2 protein chains.
Amino acid sequence: MSRTILLNKRPVGRPELSDFKFVTEEKPTITTGEVLLRTSYVSVDPYLRGRMSDAKSYAAPFELNKPMSSGIIAEVMESNNSNFKVGDYVSGMLEWKEFQKSTGEGLKVVDTTAVGQSVYLGALGMTGMTAYLGLTEIGKPKKGETIIISGAAGAVGSIVGQIGKILGCRVVGIAGTDEKVNMLKTEFGFDDAINYNTTDNMAEAIATACPDGVDIYFDNVGGAISDAVLFNINKFSRMIICGAIAVYNNTEPAKGVSVQPFLVKNSALMQGFILGNYAAKFPEATQQLATWFKEGKIKATETVVEGFDSIPQAFIGLFDGKNKGKMVVKI
Amino acid sequence: MSRTILLNKRPVGRPELSDFKFVTEEKPTITTGEVLLRTSYVSVDPYLRGRMSDAKSYAAPFELNKPMSSGIIAEVMESNNSNFKVGDYVSGMLEWKEFQKSTGEGLKVVDTTAVGQSVYLGALGMTGMTAYLGLTEIGKPKKGETIIISGAAGAVGSIVGQIGKILGCRVVGIAGTDEKVNMLKTEFGFDDAINYNTTDNMAEAIATACPDGVDIYFDNVGGAISDAVLFNINKFSRMIICGAIAVYNNTEPAKGVSVQPFLVKNSALMQGFILGNYAAKFPEATQQLATWFKEGKIKATETVVEGFDSIPQAFIGLFDGKNKGKMVVKI
């Protein structure tokens, strides 16, 4: 038998366990050209919250009573496809199922001899490419510039900061616990970091941590933290809007400081980043990330939750900042 | 004798007549290389409000008890400079004085035989270049796209719309009176226009006027109008933030709908536009605008106020939308 997790209902505000439903099905049988896959690691990501709503967005919404899906690493158990042999590990956008079959379309065999499987969901996967391409394509960092990152201890943020250091920038992170702040400075080489939960005046704290102002803001959270950054941006600054986890669960459009006067005053740019728009650059990004990873210049930090049953809770935990680095579920 | 208008105090909120002070001085005498100028037209522009404050902005603030300045057309009355002869008209950034002297630096002789002097402050001056370069450099319009313009009946907005039509776009304007809405449609060829003062639900009205959504937003006003536009932007839309007259007089940072979730969802771009950053493109812009103007494809509409005494009041009137097209003061 094989279990599957369906979208049971669309969340109103914060997602709850009851938004998901577990069902048990027969393990699938494969025909010509297909492979049978056993899920080994599941990526849970903030952007999935958007797909659980039916509002217009960049990715089609999940359908009610249909399986959830996300980035997954799976082991090939049976193969009728010459591109895949039994024992291979593949990465791809797959469904939240213990076992599933596939034609192999969109799947990529990953080398797990030297690198842990889950790294292909993180630093060497969509997470790493989001960090690299968001920072370089929109942020266009120049040596000596200051980069500030919200959600800095999260999957994308922690990689952005490390890339920023490789490129010769001053890097400042914003995170929600002292433990995370400490991790950013000691493990990831951030120049400074701010705990927004213990800081009264974020705008002032950012000014102190960024004495030359902010040239690039890599924004994963939105909300009040982003408002505070605005007061510190430099002329010609670039703001990469990669996520808005602080407001994903809002039932009404979020409100905050109007960005427009700050953009005019500083000839500043703000641009929404979606990885899928940069597919042409994936090979370059993958290559660069793999090189840096091999050289030890990028560390992959993970929060690993265990068990298929835990996938919904792990996802919900993202909204409480339960993760340091990439949140994955090991099956 | 010659009168001068000084910045008397920095406005708190909406500018008032008492923020300005008139003084009378001797008419200047010129020495080698200088010209004596008599002011004939003065441009009043929303951006001057920013320079009246001492907050950090893109242009240095005006100094207290020093003359105000803006784009001016002046007649050369005396000349010790071989680049200028008596009777020439020049345009440049000059002080709010009836008479002033100049070394000629930054002044450009304008041909007033075929074109009215004040057009060089509007369609063929900074206003036209702002419209052209903001729209083309940030907006990058493609034929068939939809452009929506706030402050559409203003100096810049009315030119943006006409350029949008020349480039084959659907053009929708937002303005504050039925008279202006009518003008946009009948005189300037806008496809549709919305009176925000008589419209309850702006987001819906924009959706109706832009059935294919908004690809480009040329924003001169900020505030609630810009919030409403967000609900209608298309994927990859571009928002040119050229001005924020709705909030220039705020004493606290303006608040509104958070733009970040809309930018992420739509991979959209928002960028502050300051004409001075595009100096390398001025010759191209001037040439193109002059060609279109000569061909009758761009009409210059003006609101002309008379008399040196009226300059402060004309400026203040911008914040009440007193102008249709370019607001100038004829001396």
# chains A, B, ... in the order shown; residues from 1 in each chain; ligands from 1
call {"tool": "closest_atom_pairs", "arguments": {"of": "chain B", "to": "chain A", "cutoff": "7 Å", "atoms": "only C-alpha atoms", "output": "CSV"}}
result
residue,atom,partner,partner_atom,distance
B:Ser57,CA,A:Lys265,CA,5.1
B:Tyr58,CA,A:Lys265,CA,5.4
B:Gly222,CA,A:Gln260,CA,6.5
B:Ile241,CA,A:Val264,CA,6.0
B:Cys242,CA,A:Val264,CA,6.3
B:Gly243,CA,A:Val264,CA,6.6
B:Ala244,CA,A:Pro261,CA,6.1
B:Pro253,CA,A:Val257,CA,6.5
B:Ala254,CA,A:Ser258,CA,5.4
B:Lys255,CA,A:Val257,CA,4.3
B:Gly256,CA,A:Lys255,CA,5.3
B:Val257,CA,A:Lys255,CA,4.3
B:Ser258,CA,A:Lys255,CA,4.8
B:Gln260,CA,A:Ile241,CA,6.3
B:Pro261,CA,A:Ala244,CA,6.0
B:Leu263,CA,A:Gly272,CA,4.5
B:Val264,CA,A:Gly272,CA,4.0
B:Lys265,CA,A:Ser57,CA,5.1
B:Asn266,CA,A:Tyr58,CA,6.3
B:Ser267,CA,A:Gly272,CA,4.3
B:Ala268,CA,A:Gly272,CA,5.3
B:Leu269,CA,A:Gln271,CA,4.3
B:Met270,CA,A:Met270,CA,5.1
B:Gln271,CA,A:Leu269,CA,4.3
B:Gly272,CA,A:Val264,CA,4.0
B:Phe273,CA,A:Ser267,CA,5.5
B:Ile274,CA,A:Ser267,CA,6.2
call {"tool": "calpha_fit_and_write", "arguments": {"fixed": "chain A", "moving": "chain B", "output": "compact mmCIF listing (two decimals) with C-alpha atoms, in the first residue's frame"}}
result
# COMPACT_ATOMS: atom_id res chain seq x y z
CA MET B 1 0.03 0.05 -0.03
CA SER B 2 1.04 3.67 -0.43
CA ARG B 3 -0.15 6.78 1.35
CA THR B 4 -0.90 10.11 -0.34
CA ILE B 5 -1.50 13.60 1.10
CA LEU B 6 -4.33 15.53 -0.56
CA LEU B 7 -5.38 19.16 -0.29
CA ASN B 8 -8.51 18.76 1.83
CA LYS B 9 -9.57 22.40 1.94
CA ARG B 10 -8.09 25.77 1.10
CA PRO B 11 -6.58 27.42 4.18
CA VAL B 12 -8.12 30.61 5.46
CA GLY B 13 -5.20 32.44 6.97
CA ARG B 14 -2.66 30.17 8.61
CA PRO B 15 -2.66 26.61 7.23
CA GLU B 16 -3.87 23.89 9.62
CA LEU B 17 -3.45 20.14 9.74
CA SER B 18 -7.11 19.75 8.77
CA ASP B 19 -6.33 21.41 5.41
CA PHE B 20 -4.62 18.15 4.48
CA LYS B 21 -6.03 14.64 4.16
CA PHE B 22 -4.17 11.32 4.16
CA VAL B 23 -5.48 8.54 1.94
CA THR B 24 -4.16 5.06 1.28
CA GLU B 25 -3.98 3.63 -2.23
CA GLU B 26 -2.58 0.59 -3.95
CA LYS B 27 1.08 0.88 -4.81
CA PRO B 28 1.05 1.73 -8.56
CA THR B 29 2.15 -0.69 -11.25
CA ILE B 30 4.25 0.58 -14.12
CA THR B 31 3.96 0.09 -17.85
CA THR B 32 6.32 0.73 -20.77
CA GLY B 33 8.61 3.73 -20.30
CA GLU B 34 7.64 4.26 -16.67
CA VAL B 35 9.51 4.06 -13.38
CA LEU B 36 8.26 3.26 -9.88
CA LEU B 37 9.55 5.74 -7.31
CA ARG B 38 9.82 5.59 -3.52
CA THR B 39 9.90 9.05 -1.95
CA SER B 40 12.92 9.60 0.27
CA TYR B 41 12.99 13.39 0.92
CA VAL B 42 10.25 15.99 0.58
CA SER B 43 10.90 19.72 0.37
CA VAL B 44 8.43 21.99 2.15
CA ASP B 45 8.56 25.62 1.02
CA PRO B 46 6.70 28.85 1.81
CA TYR B 47 5.60 29.31 -1.81
CA LEU B 48 3.37 26.25 -1.50
CA ARG B 49 1.05 28.38 0.64
CA GLY B 50 0.22 30.42 -2.46
CA ARG B 51 -0.68 27.33 -4.45
CA MET B 52 -3.07 26.19 -1.69
CA SER B 53 -5.22 29.27 -2.40
CA ASP B 54 -7.18 29.64 -5.59
CA ALA B 55 -6.20 33.29 -6.07
CA LYS B 56 -4.43 34.13 -9.33
CA SER B 57 -0.71 33.61 -8.85
CA TYR B 58 2.36 32.59 -10.76
CA ALA B 59 1.76 28.88 -10.36
CA ALA B 60 -1.53 27.08 -10.87
CA PRO B 61 -3.34 26.39 -7.60
CA PHE B 62 -3.41 22.89 -6.17
CA GLU B 63 -6.73 21.21 -6.79
CA LEU B 64 -8.97 20.19 -3.92
CA ASN B 65 -8.88 16.47 -3.14
CA LYS B 66 -5.85 16.09 -5.38
CA PRO B 67 -2.32 15.33 -4.15
CA MET B 68 -0.03 18.11 -2.95
CA SER B 69 3.32 18.28 -4.73
CA SER B 70 6.74 19.85 -4.22
CA GLY B 71 10.40 19.20 -4.85
CA ILE B 72 11.13 15.57 -3.96
CA ILE B 73 14.03 13.13 -3.99
CA ALA B 74 12.98 9.58 -4.76
CA GLU B 75 14.61 6.22 -5.30
CA VAL B 76 13.94 4.26 -8.47
CA MET B 77 12.45 0.93 -7.34
CA GLU B 78 11.48 -0.47 -10.75
CA SER B 79 12.30 0.85 -14.20
CA ASN B 80 10.93 0.36 -17.71
CA ASN B 81 12.79 3.47 -18.85
CA SER B 82 16.37 3.21 -20.09
CA ASN B 83 17.23 6.64 -18.65
CA PHE B 84 16.78 5.37 -15.10
CA LYS B 85 18.05 2.24 -13.39
CA VAL B 86 16.93 0.63 -10.17
CA GLY B 87 18.73 2.26 -7.24
CA ASP B 88 19.10 5.66 -8.92
CA TYR B 89 18.00 8.69 -6.95
CA VAL B 90 16.08 11.32 -8.88
CA SER B 91 14.95 14.85 -8.08
CA GLY B 92 11.85 16.52 -9.49
CA MET B 93 8.48 18.06 -8.79
CA LEU B 94 6.58 15.05 -7.51
CA GLU B 95 3.47 14.31 -5.50
CA TRP B 96 3.27 13.82 -1.75
CA LYS B 97 3.02 10.02 -2.04
CA GLU B 98 5.07 7.23 -0.52
CA PHE B 99 5.18 5.53 -3.90
CA GLN B 100 4.36 6.93 -7.33
CA LYS B 101 5.02 6.15 -10.93
CA SER B 102 6.45 8.53 -13.51
CA THR B 103 7.33 8.66 -17.18
CA GLY B 104 10.61 10.21 -16.10
CA GLU B 105 9.69 13.58 -17.58
CA GLY B 106 11.26 16.40 -15.57
CA LEU B 107 13.24 13.98 -13.40
CA LYS B 108 16.99 14.30 -13.00
CA VAL B 109 19.27 11.60 -11.64
CA VAL B 110 21.36 13.00 -8.78
CA ASP B 111 24.74 11.79 -7.62
CA THR B 112 24.35 10.87 -3.97
CA THR B 113 27.79 9.35 -3.54
CA ALA B 114 29.48 12.54 -2.39
CA VAL B 115 26.50 14.77 -1.52
CA GLY B 116 23.52 14.01 0.72
CA GLN B 117 20.24 13.52 -1.15
CA SER B 118 18.50 16.43 0.52
CA VAL B 119 21.18 18.91 -0.63
CA TYR B 120 19.57 18.59 -4.07
CA LEU B 121 16.41 20.08 -2.56
CA GLY B 122 18.42 22.89 -0.99
CA ALA B 123 21.80 24.41 -1.83
CA LEU B 124 22.13 22.45 -5.09
CA GLY B 125 18.45 22.59 -5.97
CA MET B 126 15.71 25.17 -6.32
CA THR B 127 16.73 26.87 -3.10
CA GLY B 128 20.30 27.49 -4.20
CA MET B 129 19.26 28.57 -7.67
CA THR B 130 16.72 30.99 -6.22
CA ALA B 131 19.42 32.53 -4.03
CA TYR B 132 21.99 32.71 -6.81
CA LEU B 133 19.77 33.92 -9.65
CA GLY B 134 17.70 36.30 -7.51
CA LEU B 135 20.85 37.91 -6.17
CA THR B 136 22.79 38.08 -9.41
CA GLU B 137 20.03 38.73 -11.97
CA ILE B 138 18.09 41.39 -10.03
CA GLY B 139 20.50 42.39 -7.27
CA LYS B 140 23.59 42.63 -9.53
CA PRO B 141 25.93 42.93 -6.53
CA LYS B 142 29.17 44.85 -6.85
CA LYS B 143 32.13 44.27 -4.58
CA GLY B 144 31.94 46.41 -1.45
CA GLU B 145 28.18 46.90 -1.55
CA THR B 146 25.94 46.11 1.41
CA ILE B 147 23.35 43.34 1.15
CA ILE B 148 20.67 42.90 3.78
CA ILE B 149 18.59 39.73 3.87
CA SER B 150 15.28 39.05 5.59
CA GLY B 151 14.50 35.48 6.52
CA ALA B 152 18.28 35.21 6.54
CA ALA B 153 18.42 31.95 8.49
CA GLY B 154 15.95 30.30 6.12
CA ALA B 155 16.69 28.06 3.18
CA VAL B 156 17.21 30.78 0.57
CA GLY B 157 18.45 33.53 2.89
CA SER B 158 21.33 31.55 4.32
CA ILE B 159 22.61 30.79 0.82
CA VAL B 160 22.15 34.38 -0.39
CA GLY B 161 24.34 35.59 2.46
CA GLN B 162 27.11 33.13 1.69
CA ILE B 163 27.07 34.07 -1.99
CA GLY B 164 27.16 37.74 -0.99
CA LYS B 165 30.34 37.10 0.99
CA ILE B 166 31.92 35.17 -1.91
CA LEU B 167 31.20 38.21 -4.13
CA GLY B 168 32.91 40.59 -1.68
CA CYS B 169 29.89 42.34 -0.17
CA ARG B 170 29.04 43.35 3.38
CA VAL B 171 26.25 40.97 4.40
CA VAL B 172 23.70 41.62 7.14
CA GLY B 173 20.98 39.17 8.09
CA ILE B 174 17.63 39.56 9.83
CA ALA B 175 16.25 36.57 11.72
CA GLY B 176 13.89 35.77 14.57
CA THR B 177 15.97 34.20 17.34
CA ASP B 178 19.35 34.82 18.97
CA GLU B 179 20.34 31.29 18.05
CA LYS B 180 19.74 32.03 14.37
CA VAL B 181 21.52 35.39 14.60
CA ASN B 182 24.48 33.63 16.14
CA MET B 183 24.45 30.95 13.47
CA LEU B 184 24.47 33.55 10.69
CA LYS B 185 27.55 35.23 12.14
CA THR B 186 29.55 32.20 13.22
CA GLU B 187 28.61 29.50 10.69
CA PHE B 188 27.73 31.50 7.59
CA GLY B 189 30.14 34.40 7.87
CA PHE B 190 27.55 37.21 7.90
CA ASP B 191 29.11 40.52 8.96
CA ASP B 192 26.22 41.30 11.25
CA ALA B 193 22.74 40.05 12.06
CA ILE B 194 19.65 41.44 13.80
CA ASN B 195 17.02 39.60 15.86
CA TYR B 196 13.78 41.32 14.87
CA ASN B 197 11.95 39.77 17.82
CA THR B 198 14.13 41.56 20.37
CA THR B 199 14.68 44.82 18.48
CA ASP B 200 12.34 47.75 19.11
CA ASN B 201 13.44 50.06 16.35
CA MET B 202 14.34 47.99 13.32
CA ALA B 203 15.03 51.00 11.09
CA GLU B 204 17.68 52.21 13.55
CA ALA B 205 19.14 48.74 14.04
CA ILE B 206 19.51 48.38 10.27
CA ALA B 207 21.15 51.80 10.05
CA THR B 208 23.69 50.69 12.67
CA ALA B 209 24.38 47.36 11.00
CA CYS B 210 24.65 49.01 7.56
CA PRO B 211 26.75 52.14 8.12
CA ASP B 212 27.05 52.71 4.37
CA GLY B 213 23.32 52.12 3.79
CA VAL B 214 21.63 49.27 1.96
CA ASP B 215 22.46 48.64 -1.71
CA ILE B 216 20.65 45.32 -2.07
CA TYR B 217 17.74 43.95 -0.08
CA PHE B 218 16.95 40.27 -0.56
CA ASP B 219 13.44 40.04 0.82
CA ASN B 220 11.95 36.72 1.84
CA VAL B 221 9.42 37.98 4.36
CA GLY B 222 7.73 41.32 3.57
CA GLY B 223 5.73 43.06 6.27
CA ALA B 224 7.16 45.36 8.94
CA ILE B 225 10.76 44.22 8.41
CA SER B 226 10.65 45.35 4.80
CA ASP B 227 9.14 48.66 5.85
CA ALA B 228 12.13 49.26 8.14
CA VAL B 229 14.63 48.47 5.39
CA LEU B 230 13.15 51.21 3.17
CA PHE B 231 14.40 53.92 5.52
CA ASN B 232 17.96 52.79 4.86
CA ILE B 233 18.17 52.22 1.13
CA ASN B 234 20.82 53.92 -0.97
CA LYS B 235 20.46 55.62 -4.30
CA PHE B 236 20.13 53.00 -7.08
CA SER B 237 19.42 50.23 -4.56
CA ARG B 238 17.85 46.99 -5.75
CA MET B 239 15.25 45.04 -3.80
CA ILE B 240 14.65 41.42 -4.77
CA ILE B 241 11.17 40.43 -3.63
CA CYS B 242 11.54 36.69 -3.38
CA GLY B 243 8.89 35.92 -0.81
CA ALA B 244 6.51 37.47 1.66
CA ILE B 245 6.07 34.78 4.30
CA ALA B 246 5.04 37.43 6.85
CA VAL B 247 1.87 38.12 4.91
CA TYR B 248 1.14 34.86 3.01
CA ASN B 249 -1.49 33.94 5.58
CA ASN B 250 -3.23 37.32 5.59
CA THR B 251 -6.87 37.15 4.62
CA GLU B 252 -6.89 40.83 3.58
CA PRO B 253 -4.18 42.55 1.49
CA ALA B 254 -1.35 43.48 3.84
CA LYS B 255 -0.71 47.15 4.50
CA GLY B 256 2.51 48.91 5.29
CA VAL B 257 4.70 51.89 4.52
CA SER B 258 4.19 53.07 0.93
CA VAL B 259 7.32 52.18 -0.99
CA GLN B 260 6.78 54.60 -3.88
CA PRO B 261 8.22 57.77 -2.29
CA PHE B 262 11.34 55.81 -1.29
CA LEU B 263 11.71 54.42 -4.80
CA VAL B 264 11.44 57.88 -6.36
CA LYS B 265 13.84 59.51 -3.91
CA ASN B 266 16.46 56.83 -4.43
CA SER B 267 15.93 55.82 -8.07
CA ALA B 268 15.52 52.41 -6.51
CA LEU B 269 14.24 49.19 -8.03
CA MET B 270 11.97 46.52 -6.59
CA GLN B 271 11.29 43.36 -8.55
CA GLY B 272 9.43 40.16 -7.86
CA PHE B 273 11.55 37.06 -8.39
CA ILE B 274 10.18 33.72 -9.56
CA LEU B 275 12.76 31.04 -10.28
CA GLY B 276 10.80 29.61 -13.21
CA ASN B 277 11.39 32.77 -15.27
CA TYR B 278 15.12 32.10 -15.35
CA ALA B 279 15.15 28.54 -16.69
CA ALA B 280 17.73 29.49 -19.34
CA LYS B 281 20.19 30.22 -16.52
CA PHE B 282 19.69 27.00 -14.58
CA PRO B 283 22.75 25.24 -16.02
CA GLU B 284 25.01 28.19 -15.17
CA ALA B 285 23.53 28.43 -11.67
CA THR B 286 23.80 24.69 -11.00
CA GLN B 287 27.40 24.64 -12.17
CA GLN B 288 28.42 27.64 -10.06
CA LEU B 289 26.66 26.37 -6.94
CA ALA B 290 28.21 22.91 -7.28
CA THR B 291 31.67 24.46 -7.62
CA TRP B 292 31.26 26.65 -4.54
CA PHE B 293 29.75 23.74 -2.60
CA LYS B 294 32.66 21.47 -3.51
CA GLU B 295 35.14 24.19 -2.51
CA GLY B 296 33.42 24.47 0.87
CA LYS B 297 32.42 28.08 0.22
CA ILE B 298 28.73 27.33 0.62
CA LYS B 299 27.47 25.30 3.54
CA ALA B 300 24.05 23.67 3.40
CA THR B 301 22.18 23.80 6.67
CA GLU B 302 19.04 21.76 7.05
CA THR B 303 16.24 21.16 9.44
CA VAL B 304 15.22 17.54 8.93
CA VAL B 305 11.85 16.30 10.12
CA GLU B 306 11.24 12.55 10.02
CA GLY B 307 8.33 10.58 8.61
CA PHE B 308 5.72 10.85 5.89
CA ASP B 309 3.08 11.73 8.52
CA SER B 310 5.07 14.84 9.45
CA ILE B 311 4.97 16.59 6.07
CA PRO B 312 1.97 18.87 6.81
CA GLN B 313 3.32 19.83 10.24
CA ALA B 314 6.77 20.57 8.82
CA PHE B 315 5.18 22.84 6.23
CA ILE B 316 3.12 24.68 8.85
CA GLY B 317 6.25 25.09 10.97
CA LEU B 318 7.79 27.32 8.27
CA PHE B 319 5.36 30.06 9.31
CA ASP B 320 6.71 29.88 12.87
CA GLY B 321 10.31 29.98 11.71
CA LYS B 322 10.87 26.44 13.01
CA ASN B 323 13.53 25.85 10.39
CA LYS B 324 17.16 26.79 10.24
CA GLY B 325 18.24 26.56 6.63
CA LYS B 326 16.31 24.23 4.38
CA MET B 327 13.32 22.40 5.84
CA VAL B 328 13.04 18.85 4.52
CA VAL B 329 11.11 15.75 5.54
CA LYS B 330 12.95 12.45 5.47
CA ILE B 331 10.68 9.54 4.68
call {"tool": "select_by_dssp", "arguments": {"residues": "stretch 139-194 of chain A", "states": "strand (DSSP E)", "output": "MDAnalysis selection string"}}
result
chainID A and resid 146:150 170:175 192:194
call {"tool": "write_last_selection", "arguments": {"atoms": "C-alpha atoms", "output": "short mmCIF file (atom, residue, chain, number, x, y, z; two decimals), in the first residue's frame"}}
result
data_model
loop_
_atom_site.label_atom_id
_atom_site.label_comp_id
_atom_site.auth_asym_id
_atom_site.auth_seq_id
_atom_site.Cartn_x
_atom_site.Cartn_y
_atom_site.Cartn_z
CA THR A 146 25.94 46.14 1.42
CA ILE A 147 23.35 43.36 1.15
CA ILE A 148 20.66 42.92 3.80
CA ILE A 149 18.59 39.74 3.86
CA SER A 150 15.28 39.05 5.59
CA ARG A 170 29.05 43.36 3.38
CA VAL A 171 26.24 40.98 4.40
CA VAL A 172 23.70 41.64 7.15
CA GLY A 173 20.97 39.17 8.09
CA ILE A 174 17.63 39.56 9.83
CA ALA A 175 16.25 36.56 11.71
CA ASP A 192 26.21 41.29 11.25
CA ALA A 193 22.73 40.04 12.06
CA ILE A 194 19.65 41.44 13.79
#
call {"tool": "select_by_dssp", "arguments": {"residues": "stretch 3-178 of chain A", "states": "helix (DSSP H, G or I)", "output": "short mmCIF file (atom, residue, chain, number, x, y, z; two decimals) with N, CA and C atoms, in the first residue's frame"}}
result
data_model
loop_
_atom_site.label_atom_id
_atom_site.label_comp_id
_atom_site.auth_asym_id
_atom_site.auth_seq_id
_atom_site.Cartn_x
_atom_site.Cartn_y
_atom_site.Cartn_z
N LEU A 17 -3.56 21.58 10.08
CA LEU A 17 -3.44 20.16 9.72
C LEU A 17 -4.69 19.68 8.99
N SER A 18 -5.84 20.23 9.35
CA SER A 18 -7.10 19.77 8.73
C SER A 18 -7.23 20.22 7.27
N ASP A 19 -6.32 21.08 6.82
CA ASP A 19 -6.33 21.45 5.39
C ASP A 19 -5.80 20.30 4.52
N LEU A 48 4.50 27.19 -1.39
CA LEU A 48 3.37 26.25 -1.53
C LEU A 48 2.08 26.83 -0.95
N ARG A 49 2.25 27.74 0.03
CA ARG A 49 1.06 28.39 0.62
C ARG A 49 0.24 29.08 -0.46
N GLY A 50 0.92 29.73 -1.40
CA GLY A 50 0.23 30.42 -2.49
C GLY A 50 -0.57 29.45 -3.35
N ARG A 51 -0.01 28.29 -3.60
CA ARG A 51 -0.68 27.32 -4.47
C ARG A 51 -1.86 26.65 -3.77
N MET A 52 -1.93 26.77 -2.45
CA MET A 52 -3.07 26.21 -1.72
C MET A 52 -4.30 27.11 -1.82
N GLN A 117 21.39 13.37 -0.26
CA GLN A 117 20.24 13.53 -1.15
C GLN A 117 19.55 14.89 -1.01
N SER A 118 19.34 15.27 0.26
CA SER A 118 18.51 16.45 0.52
C SER A 118 19.18 17.74 0.05
N VAL A 119 20.49 17.71 -0.15
CA VAL A 119 21.18 18.92 -0.64
C VAL A 119 20.64 19.31 -2.01
N TYR A 120 20.15 18.31 -2.76
CA TYR A 120 19.57 18.60 -4.08
C TYR A 120 18.19 19.27 -3.99
N LEU A 121 17.65 19.31 -2.78
CA LEU A 121 16.42 20.10 -2.57
C LEU A 121 16.79 21.49 -2.05
N MET A 126 16.47 23.96 -6.12
CA MET A 126 15.71 25.19 -6.35
C MET A 126 16.10 26.29 -5.38
N THR A 127 16.39 25.90 -4.14
CA THR A 127 16.74 26.89 -3.12
C THR A 127 18.02 27.64 -3.50
N GLY A 128 19.03 26.89 -3.85
CA GLY A 128 20.31 27.50 -4.22
C GLY A 128 20.18 28.35 -5.48
N MET A 129 19.44 27.82 -6.45
CA MET A 129 19.27 28.59 -7.70
C MET A 129 18.49 29.87 -7.46
N THR A 130 17.50 29.81 -6.56
CA THR A 130 16.73 31.01 -6.23
C THR A 130 17.66 32.06 -5.61
N ALA A 131 18.50 31.61 -4.68
CA ALA A 131 19.43 32.54 -4.03
C ALA A 131 20.38 33.14 -5.06
N TYR A 132 20.98 32.27 -5.88
CA TYR A 132 22.01 32.72 -6.83
C TYR A 132 21.41 33.62 -7.92
N LEU A 133 20.33 33.17 -8.52
CA LEU A 133 19.78 33.94 -9.65
C LEU A 133 19.04 35.18 -9.18
N GLY A 134 18.37 35.11 -8.04
CA GLY A 134 17.72 36.31 -7.51
C GLY A 134 18.76 37.39 -7.21
N LEU A 135 19.82 36.96 -6.54
CA LEU A 135 20.85 37.93 -6.16
C LEU A 135 21.59 38.48 -7.38
N THR A 136 21.96 37.62 -8.31
CA THR A 136 22.79 38.11 -9.42
C THR A 136 21.96 38.77 -10.53
N GLU A 137 20.78 38.22 -10.83
CA GLU A 137 20.02 38.76 -11.96
C GLU A 137 19.30 40.06 -11.61
N ILE A 138 18.77 40.17 -10.41
CA ILE A 138 18.09 41.41 -10.02
C ILE A 138 19.00 42.27 -9.15
N GLY A 139 19.68 41.65 -8.20
CA GLY A 139 20.51 42.41 -7.26
C GLY A 139 21.77 42.97 -7.88
N ALA A 155 16.06 28.84 4.23
CA ALA A 155 16.71 28.06 3.18
C ALA A 155 17.41 28.98 2.17
N VAL A 156 16.65 29.91 1.59
CA VAL A 156 17.22 30.79 0.56
C VAL A 156 18.15 31.82 1.19
N GLY A 157 17.69 32.46 2.28
CA GLY A 157 18.45 33.54 2.89
C GLY A 157 19.86 33.14 3.28
N SER A 158 20.01 31.94 3.85
CA SER A 158 21.34 31.55 4.32
C SER A 158 22.30 31.35 3.15
N ILE A 159 21.77 30.96 2.00
CA ILE A 159 22.63 30.81 0.80
C ILE A 159 22.94 32.18 0.19
N VAL A 160 21.94 33.05 0.16
CA VAL A 160 22.17 34.40 -0.37
C VAL A 160 23.33 35.06 0.36
N GLY A 161 23.30 34.97 1.68
CA GLY A 161 24.35 35.60 2.47
C GLY A 161 25.73 35.06 2.15
N GLN A 162 25.81 33.75 2.00
CA GLN A 162 27.12 33.14 1.70
C GLN A 162 27.60 33.56 0.31
N ILE A 163 26.68 33.64 -0.65
CA ILE A 163 27.07 34.09 -1.99
C ILE A 163 27.51 35.55 -1.93
N GLY A 164 26.78 36.35 -1.15
CA GLY A 164 27.15 37.75 -0.99
C GLY A 164 28.58 37.90 -0.49
N LYS A 165 28.96 37.06 0.48
CA LYS A 165 30.34 37.12 0.99
C LYS A 165 31.35 36.70 -0.08
N ILE A 166 31.01 35.63 -0.82
CA ILE A 166 31.91 35.20 -1.90
C ILE A 166 32.15 36.35 -2.89
N ASP A 178 17.93 34.57 18.75
CA ASP A 178 19.35 34.81 18.98
C ASP A 178 20.19 33.66 18.45
#
